[in-house]
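**Q** Next comes the structure file data-v4.pdb, holding PDB, C-alpha atoms.
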ATOM      1  CA  MET A   1      12.368  22.834  -1.411  1.00  0.00           C
ATOM      2  CA  LYS A   2      10.535  22.044   1.824  1.00  0.00           C
ATOM      3  CA  HIS A   3       7.453  23.706   0.404  1.00  0.00           C
ATOM      4  CA  PHE A   4       7.242  21.134  -2.420  1.00  0.00           C
ATOM      5  CA  TYR A   5       7.981  18.284  -0.015  1.00  0.00           C
ATOM      6  CA  LEU A   6       5.113  19.290   2.260  1.00  0.00           C
ATOM      7  CA  ILE A   7       2.694  19.622  -0.639  1.00  0.00           C
ATOM      8  CA  GLY A   8       3.646  16.142  -1.850  1.00  0.00           C
ATOM      9  CA  TYR A   9       3.434  14.774   1.679  1.00  0.00           C
ATOM     10  CA  PHE A  10      -0.084  16.051   2.293  1.00  0.00           C
ATOM     11  CA  LYS A  11      -1.237  15.223  -1.213  1.00  0.00           C
ATOM     12  CA  PHE A  12      -0.468  11.517  -0.831  1.00  0.00           C
ATOM     13  CA  LEU A  13      -0.833  10.957   2.902  1.00  0.00           C
ATOM     14  CA  ILE A  14      -4.379   9.718   3.295  1.00  0.00           C
ATOM     15  CA  LEU A  15      -4.872   7.813   6.500  1.00  0.00           C
ATOM     16  CA  LEU A  16      -7.656   5.314   6.753  1.00  0.00           C
ATOM     17  CA  LEU A  17      -9.580   5.516   9.967  1.00  0.00           C
ATOM     18  CA  PRO A  18     -12.387   3.125  11.003  1.00  0.00           C
ATOM     19  CA  CYS A  19     -14.685   4.811   8.485  1.00  0.00           C
ATOM     20  CA  PHE A  20     -13.189   5.456   5.082  1.00  0.00           C
ATOM     21  CA  ASN A  21     -16.067   7.298   3.470  1.00  0.00           C
ATOM     22  CA  THR A  22     -13.792  10.254   2.693  1.00  0.00           C
ATOM     23  CA  PHE A  23     -12.983   8.530  -0.600  1.00  0.00           C
ATOM     24  CA  ALA A  24     -16.623   8.408  -1.624  1.00  0.00           C
ATOM     25  CA  ASP A  25     -16.570  12.149  -2.361  1.00  0.00           C
ATOM     26  CA  GLU A  26     -13.128  12.247  -3.998  1.00  0.00           C
ATOM     27  CA  LYS A  27     -12.628  11.631  -7.679  1.00  0.00           C
ATOM     28  CA  LEU A  28      -9.529  10.026  -9.067  1.00  0.00           C
ATOM     29  CA  LEU A  29      -7.643  12.006 -11.658  1.00  0.00           C
ATOM     30  CA  ALA A  30      -7.402  10.309 -15.066  1.00  0.00           C
ATOM     31  CA  ASN A  31      -3.881   9.045 -14.293  1.00  0.00           C
ATOM     32  CA  GLU A  32      -4.459   7.994 -10.632  1.00  0.00           C
ATOM     33  CA  GLY A  33      -5.327   4.770  -8.902  1.00  0.00           C
ATOM     34  CA  TYR A  34      -5.879   3.765  -5.301  1.00  0.00           C
ATOM     35  CA  VAL A  35      -3.163   1.638  -3.726  1.00  0.00           C
ATOM     36  CA  VAL A  36      -3.618  -0.674  -0.747  1.00  0.00           C
ATOM     37  CA  ILE A  37      -0.608  -0.356   1.547  1.00  0.00           C
ATOM     38  CA  ASN A  38      -0.368  -3.143   4.092  1.00  0.00           C
ATOM     39  CA  ILE A  39       2.737  -3.482   6.263  1.00  0.00           C
ATOM     40  CA  ILE A  40       2.953  -6.009   9.084  1.00  0.00           C
ATOM     41  CA  VAL A  41       5.619  -5.170  11.676  1.00  0.00           C
ATOM     42  CA  LYS A  42       6.603  -8.019  13.993  1.00  0.00           C
ATOM     43  CA  ASP A  43       8.660  -6.619  16.894  1.00  0.00           C
ATOM     44  CA  ALA A  44      11.038  -3.692  16.553  1.00  0.00           C
ATOM     45  CA  LEU A  45       9.283  -0.620  15.245  1.00  0.00           C
ATOM     46  CA  PRO A  46      10.944   0.982  12.200  1.00  0.00           C
ATOM     47  CA  GLN A  47      10.802   4.737  11.723  1.00  0.00           C
ATOM     48  CA  SER A  48       9.565   4.603   8.132  1.00  0.00           C
ATOM     49  CA  VAL A  49       9.319   2.639   4.903  1.00  0.00           C
ATOM     50  CA  LYS A  50       9.716   4.275   1.492  1.00  0.00           C
ATOM     51  CA  ILE A  51       8.087   3.464  -1.831  1.00  0.00           C
ATOM     52  CA  LYS A  52       9.815   4.874  -4.927  1.00  0.00           C
ATOM     53  CA  SER A  53       8.621   5.294  -8.459  1.00  0.00           C
ATOM     54  CA  ARG A  54      10.564   3.563 -11.226  1.00  0.00           C
ATOM     55  CA  ASN A  55      10.064   6.787 -13.179  1.00  0.00           C
ATOM     56  CA  PHE A  56      12.855   9.241 -12.343  1.00  0.00           C
ATOM     57  CA  LEU A  57      10.388  12.144 -12.075  1.00  0.00           C
ATOM     58  CA  GLY A  58       7.637  10.031 -10.503  1.00  0.00           C
ATOM     59  CA  GLU A  59       6.059  10.308  -7.086  1.00  0.00           C
ATOM     60  CA  ASN A  60       7.576   8.701  -3.999  1.00  0.00           C
ATOM     61  CA  TYR A  61       5.742   7.851  -0.798  1.00  0.00           C
ATOM     62  CA  THR A  62       6.959   7.395   2.777  1.00  0.00           C
ATOM     63  CA  LYS A  63       4.910   5.588   5.412  1.00  0.00           C
ATOM     64  CA  SER A  64       6.116   6.888   8.762  1.00  0.00           C
ATOM     65  CA  ASP A  65       3.361   6.414  11.322  1.00  0.00           C
ATOM     66  CA  LEU A  66       4.018   2.683  11.756  1.00  0.00           C
ATOM     67  CA  LYS A  67       2.928   0.580  14.687  1.00  0.00           C
ATOM     68  CA  VAL A  68       3.675  -2.994  15.712  1.00  0.00           C
ATOM     69  CA  GLY A  69       1.153  -5.271  14.032  1.00  0.00           C
ATOM     70  CA  GLU A  70      -0.834  -4.448  10.928  1.00  0.00           C
ATOM     71  CA  ASN A  71      -0.550  -1.071   9.203  1.00  0.00           C
ATOM     72  CA  PHE A  72      -3.328  -0.732   6.604  1.00  0.00           C
ATOM     73  CA  GLU A  73      -3.752   2.327   4.437  1.00  0.00           C
ATOM     74  CA  LEU A  74      -5.287   3.328   1.135  1.00  0.00           C
ATOM     75  CA  ILE A  75      -3.536   6.043  -0.867  1.00  0.00           C
ATOM     76  CA  LYS A  76      -3.804   7.596  -4.320  1.00  0.00           C
ATOM     77  CA  LEU A  77      -0.785   7.486  -6.618  1.00  0.00           C
ATOM     78  CA  PRO A  78      -0.228   8.234 -10.282  1.00  0.00           C
ATOM     79  CA  GLU A  79      -0.297   5.234 -12.603  1.00  0.00           C
ATOM     80  CA  GLY A  80       3.066   3.522 -12.889  1.00  0.00           C
ATOM     81  CA  GLU A  81       5.479   1.080 -11.335  1.00  0.00           C
ATOM     82  CA  TYR A  82       6.846   1.486  -7.826  1.00  0.00           C
ATOM     83  CA  TYR A  83       8.997  -0.543  -5.443  1.00  0.00           C
ATOM     84  CA  TRP A  84       9.663  -0.739  -1.718  1.00  0.00           C
ATOM     85  CA  SER A  85      13.074   0.925  -1.544  1.00  0.00           C
ATOM     86  CA  ARG A  86      14.171   1.493   2.043  1.00  0.00           C
ATOM     87  CA  LEU A  87      13.238   0.761   5.646  1.00  0.00           C
ATOM     88  CA  ASN A  88      14.628   3.320   8.113  1.00  0.00           C
ATOM     89  CA  LEU A  89      15.256   2.421  11.731  1.00  0.00           C
ATOM     90  CA  LYS A  90      14.963   4.888  14.592  1.00  0.00           C
ATOM     91  CA  ASN A  91      18.707   4.651  15.337  1.00  0.00           C
ATOM     92  CA  GLY A  92      19.647   6.105  11.944  1.00  0.00           C
ATOM     93  CA  ARG A  93      20.402   2.761  10.324  1.00  0.00           C
ATOM     94  CA  TYR A  94      18.416   1.424   7.415  1.00  0.00           C
ATOM     95  CA  PHE A  95      17.751  -1.620   5.250  1.00  0.00           C
ATOM     96  CA  ASP A  96      17.916  -1.342   1.481  1.00  0.00           C
ATOM     97  CA  LEU A  97      14.854  -3.217   0.146  1.00  0.00           C
ATOM     98  CA  GLU A  98      15.530  -2.647  -3.567  1.00  0.00           C
ATOM     99  CA  ASP A  99      17.250  -6.012  -4.082  1.00  0.00           C
ATOM    100  CA  ASN A 100      14.149  -7.846  -2.809  1.00  0.00           C
ATOM    101  CA  ASN A 101      12.177  -6.762  -5.883  1.00  0.00           C
ATOM    102  CA  PHE A 102       9.026  -5.973  -3.861  1.00  0.00           C
ATOM    103  CA  THR A 103       7.105  -4.109  -6.553  1.00  0.00           C
ATOM    104  CA  LEU A 104       3.799  -2.262  -6.739  1.00  0.00           C
ATOM    105  CA  LYS A 105       1.986  -1.557  -9.961  1.00  0.00           C
ATOM    106  CA  VAL A 106      -0.643   1.167 -10.093  1.00  0.00           C
ATOM    107  CA  ILE A 107      -3.317   0.969 -12.780  1.00  0.00           C
ATOM    108  CA  ALA A 108      -5.342   4.177 -13.132  1.00  0.00           C
ATOM    109  CA  GLY A 109      -9.007   3.983 -12.111  1.00  0.00           C
ATOM    110  CA  LYS A 110      -8.549   0.824  -9.993  1.00  0.00           C
ATOM    111  CA  ILE A 111      -7.917  -0.171  -6.397  1.00  0.00           C
ATOM    112  CA  ASN A 112      -4.492  -1.820  -6.690  1.00  0.00           C
ATOM    113  CA  TYR A 113      -3.182  -4.469  -4.290  1.00  0.00           C
ATOM    114  CA  SER A 114       0.206  -6.063  -4.782  1.00  0.00           C
ATOM    115  CA  GLY A 115       0.958  -7.684  -1.433  1.00  0.00           C
ATOM    116  CA  HIS A 116       1.610  -7.340   2.273  1.00  0.00           C
ATOM    117  CA  LEU A 117       5.108  -6.243   3.289  1.00  0.00           C
ATOM    118  CA  LEU A 118       6.229  -8.350   6.263  1.00  0.00           C
ATOM    119  CA  VAL A 119       8.885  -6.681   8.433  1.00  0.00           C
ATOM    120  CA  ASP A 120      10.824  -8.442  11.200  1.00  0.00           C
ATOM    121  CA  VAL A 121      13.707  -6.338  12.511  1.00  0.00           C
ATOM    122  CA  ASN A 122      16.054  -7.040  15.406  1.00  0.00           C
ATOM    123  CA  SER A 123      17.366  -3.548  16.131  1.00  0.00           C
ATOM    124  CA  LYS A 124      19.787  -4.792  18.793  1.00  0.00           C
ATOM    125  CA  PHE A 125      21.776  -6.750  16.206  1.00  0.00           C
ATOM    126  CA  SER A 126      20.764  -4.653  13.156  1.00  0.00           C
ATOM    127  CA  THR A 127      19.348  -7.654  11.347  1.00  0.00           C
ATOM    128  CA  GLY A 128      16.056  -8.013   9.587  1.00  0.00           C
ATOM    129  CA  SER A 129      14.011 -10.275   7.407  1.00  0.00           C
ATOM    130  CA  PHE A 130      11.453  -9.098   4.886  1.00  0.00           C
ATOM    131  CA  ASP A 131       8.877 -10.794   2.717  1.00  0.00           C
ATOM    132  CA  TYR A 132       6.130  -9.712   0.351  1.00  0.00           C
ATOM    133  CA  VAL A 133       3.109 -12.008   0.413  1.00  0.00           C
ATOM    134  CA  ASN A 134      -0.323 -12.097  -1.167  1.00  0.00           C
ATOM    135  CA  ARG A 135      -3.156 -11.938   1.367  1.00  0.00           C
ATOM    136  CA  SER A 136      -5.903 -10.734  -0.941  1.00  0.00           C
ATOM    137  CA  SER A 137      -8.676 -12.290   1.153  1.00  0.00           C
ATOM    138  CA  VAL A 138      -7.589 -10.145   4.117  1.00  0.00           C
ATOM    139  CA  VAL A 139      -7.538  -7.020   1.927  1.00  0.00           C
ATOM    140  CA  ILE A 140     -11.056  -7.711   0.646  1.00  0.00           C
ATOM    141  CA  GLU A 141     -12.281  -8.059   4.229  1.00  0.00           C
ATOM    142  CA  GLN A 142     -10.534  -4.819   5.267  1.00  0.00           C
ATOM    143  CA  LEU A 143     -11.926  -2.886   2.311  1.00  0.00           C
ATOM    144  CA  GLU A 144     -15.441  -4.245   2.863  1.00  0.00           C
ATOM    145  CA  SER A 145     -15.404  -3.141   6.492  1.00  0.00           C
ATOM    146  CA  CYS A 146     -13.896   0.284   5.869  1.00  0.00           C
ATOM    147  CA  CYS A 147     -15.045   1.476   2.505  1.00  0.00           C
ATOM    148  CA  SER A 148     -17.550  -0.871   0.893  1.00  0.00           C
ATOM    149  CA  GLU A 149     -19.033   1.975  -1.164  1.00  0.00           C
ATOM    150  CA  LEU A 150     -15.657   2.598  -2.791  1.00  0.00           C
ATOM    151  CA  LEU A 151     -15.092  -1.141  -3.280  1.00  0.00           C
ATOM    152  CA  ASN A 152     -18.493  -1.452  -4.979  1.00  0.00           C
ATOM    153  CA  SER A 153     -17.778   1.425  -7.369  1.00  0.00           C
ATOM    154  CA  ILE A 154     -14.113   0.799  -8.263  1.00  0.00           C
ATOM    155  CA  THR A 155     -12.613  -2.551  -9.237  1.00  0.00           C
ATOM    156  CA  LEU A 156     -10.040  -4.114  -6.920  1.00  0.00           C
ATOM    157  CA  ILE A 157      -7.206  -5.818  -8.794  1.00  0.00           C
ATOM    158  CA  TYR A 158      -4.123  -7.796  -7.798  1.00  0.00           C
ATOM    159  CA  THR A 159      -0.954  -6.388  -9.338  1.00  0.00           C
ATOM    160  CA  GLY A 160       1.622  -8.542  -7.561  1.00  0.00           C
ATOM    161  CA  ARG A 161       4.397 -10.697  -8.945  1.00  0.00           C
ATOM    162  CA  SER A 162       2.275 -13.693  -9.840  1.00  0.00           C
ATOM    163  CA  VAL A 163      -1.183 -14.315 -11.245  1.00  0.00           C
ATOM    164  CA  ASP A 164      -3.923 -14.518  -8.636  1.00  0.00           C
ATOM    165  CA  PRO A 165      -7.490 -15.140  -9.822  1.00  0.00           C
ATOM    166  CA  PHE A 166      -8.955 -15.000  -6.280  1.00  0.00           C
ATOM    167  CA  ILE A 167     -10.077 -11.354  -6.300  1.00  0.00           C
ATOM    168  CA  GLU A 168     -11.789 -11.717  -9.679  1.00  0.00           C
ATOM    169  CA  PHE A 169     -13.400 -14.996  -8.552  1.00  0.00           C
ATOM    170  CA  PHE A 170     -14.609 -13.421  -5.298  1.00  0.00           C
ATOM    171  CA  GLN A 171     -16.073 -10.410  -7.105  1.00  0.00           C
ATOM    172  CA  ARG A 172     -17.885 -12.614  -9.614  1.00  0.00           C
ATOM    173  CA  ILE A 173     -19.405 -14.785  -6.841  1.00  0.00           C
ATOM    174  CA  SER A 174     -20.330 -11.671  -4.861  1.00  0.00           C
ATOM    175  CA  ASN A 175     -22.054 -10.111  -7.898  1.00  0.00           C
ATOM    176  CA  GLU A 176     -23.981 -13.332  -8.573  1.00  0.00           C
ATOM    177  CA  LYS A 177     -25.244 -13.299  -4.990  1.00  0.00           C
ATOM    178  CA  GLY A 178     -26.278  -9.666  -5.385  1.00  0.00           C
ATOM    179  CA  GLY A 179     -23.910  -8.244  -2.823  1.00  0.00           C
TER     180      GLY A 179
END
Give the structure from the file, written as structure tokens.
**A**
Amino acid sequence: MKHFYLIGYFKFLILLLPCFNTFADEKLLANEGYVVINIIVKDALPQSVKIKSRNFLGENYTKSDLKVGENFELIKLPEGEYYWSRLNLKNGRYFDLEDNNFTLKVIAGKINYSGHLLVDVNSKFSTGSFDYVNRSSVVIEQLESCCSELLNSITLIYTGRSVDPFIEFFQRISNEKGG
């Protein structure tokens, strides 16, 4: 059982360092897409946050190397619908995030962004507040600085709860300017 867990862990744990050119050489499988994971932690540092697939046999993903401030990562996941399911604290307690309906949609062959998860936990009183907000302009800036080659070759799309034409507008303006 641990053997399969470790394979899944290493398969989907792709950390983005200052230079993200590792993706330039990797090819997406026909059913995979890139997913922008952006978690902003305010004060108390959680142990991990889990993303679950809506498909019973689908992939799950756990982000465990969190730090206070912004946690930005790009991962590959199979196409499908996912949701932020649970935030684990270091003291063994947890917050169930399922009722918040913070969803991620992965479209194969795209860079998918569905929002920033905002986390504000008071571990002393075991309280927390969570939000899921669209900051697509920040994501574009992050992707341009880390992996512009990937961004130029694969379309970035917003897959959040509402309609957001900003990314498409930005890409059209950028293409018209030749950059």
**Q** From the set A:Pro78, A:Gly69, A:Pro46, A:Pro165, which residue has the shortest atom-to-atom contact distance to A:Gly92, counting all atoms listed in the file?
**A**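 Ranking A:Pro78, A:Gly69, A:Pro46, A:Pro165 by distance to A:Gly92, first place goes to A:Pro46.
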**Q** From the set A:Tyr158, A:Tyr61, A:Tyr82, A:Tyr34, which residue has the shortest atom-to-atom contact distance to A:Asn134, counting all atoms listed in the file?
**A**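 Of the candidates, the smallest distance to A:Asn134 is held by A:Tyr158.
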**Q** Please, what distance in Å, to one decimal, runs between atom CA of A:Leu104 and atom CA of A:Tyr83?
**A**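 Calculated distance between atom CA of A:Leu104 and atom CA of A:Tyr83 is 5.6 Å.
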**Q** Which residue gives the smallest distance to A:Ala30 among A:Lys124, A:Lys105, A:Lys110, A:Arg54, with all atoms listed in the file counted?
**A**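 Of A:Lys124, A:Lys105, A:Lys110, A:Arg54, the one nearest A:Ala30 is A:Lys110, counting all atoms listed in the file.
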**Q** To one decimal place in Å, what is the distance between atom CA of A:Glu98 and atom CA of A:Ser85?
**A**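 These atoms are spaced 4.8 Å apart.
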**Q** Near stretch 136-142 of chain A, counting only C-alpha atoms, which residues have an atom at most 8 Å away, once you skip same-chain residues fewer than 3 positions from it, shown as a ChimeraX atom specification?
**A** /A:36,113,115,145-146,158,166-167
**Q** Could you state the separation of atom CA of A:Asn55 and atom CA of A:Val133 in Å, given to one decimal place?
**A**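 Computing it gives 24.2 Å between the two atoms.
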**Q** Compile the contact shell of A:Glu59 as a PyMOL selection string: residues with an atom at most 9 Å away, counting all atoms listed in the file, same-chain residues fewer than 5 positions apart removed.
**A** chain A and resi 8+51-53+77-78+82
**Q** Assuming the chain letters and numbering stay as they are in my file, what does the PyMOL selection byres ((chain A and resi 106) around 6) actually select? List them as a VMD selection string.
**A** chain A and resid 79 to 80 105 107 112
**Q** Create the file for the chosen residues now, containing C-alpha atoms and written as a PDB file, in the frame of the given file.
**A**
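Okay, this is what ended up in out17.pdb:
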ATOM      1  CA  GLU A  79      -0.297   5.234 -12.603  1.00  0.00           C
ATOM      2  CA  GLY A  80       3.066   3.522 -12.889  1.00  0.00           C
ATOM      3  CA  LYS A 105       1.986  -1.557  -9.961  1.00  0.00           C
ATOM      4  CA  ILE A 107      -3.317   0.969 -12.780  1.00  0.00           C
ATOM      5  CA  ASN A 112      -4.492  -1.820  -6.690  1.00  0.00           C
TER       6      ASN A 112
END
**Q** Show which residues sit within 8 Å of A:Phe95, as a list in words. Count only C-alpha atoms, and ignore same-chain residues fewer than 4 positions away.
**A** Arg86, Leu87, Asn88 and Gly128 of chain A
**Q** Please determine the residues with any atom at most 10 Å from (14.3, -0.4, 9.6) (coordinates as given in the file, with all atoms listed in the file counting) and report them as a PyMOL selection string.
**A** chain A and resi 44-49+86-97+119-123+126-128
**Q** Measuring atom to atom with all atoms listed in the file, identify which of A:Lys50, A:Arg161, A:Leu118, A:Leu29 is nearest to A:Asn101.
**A** A:Arg161
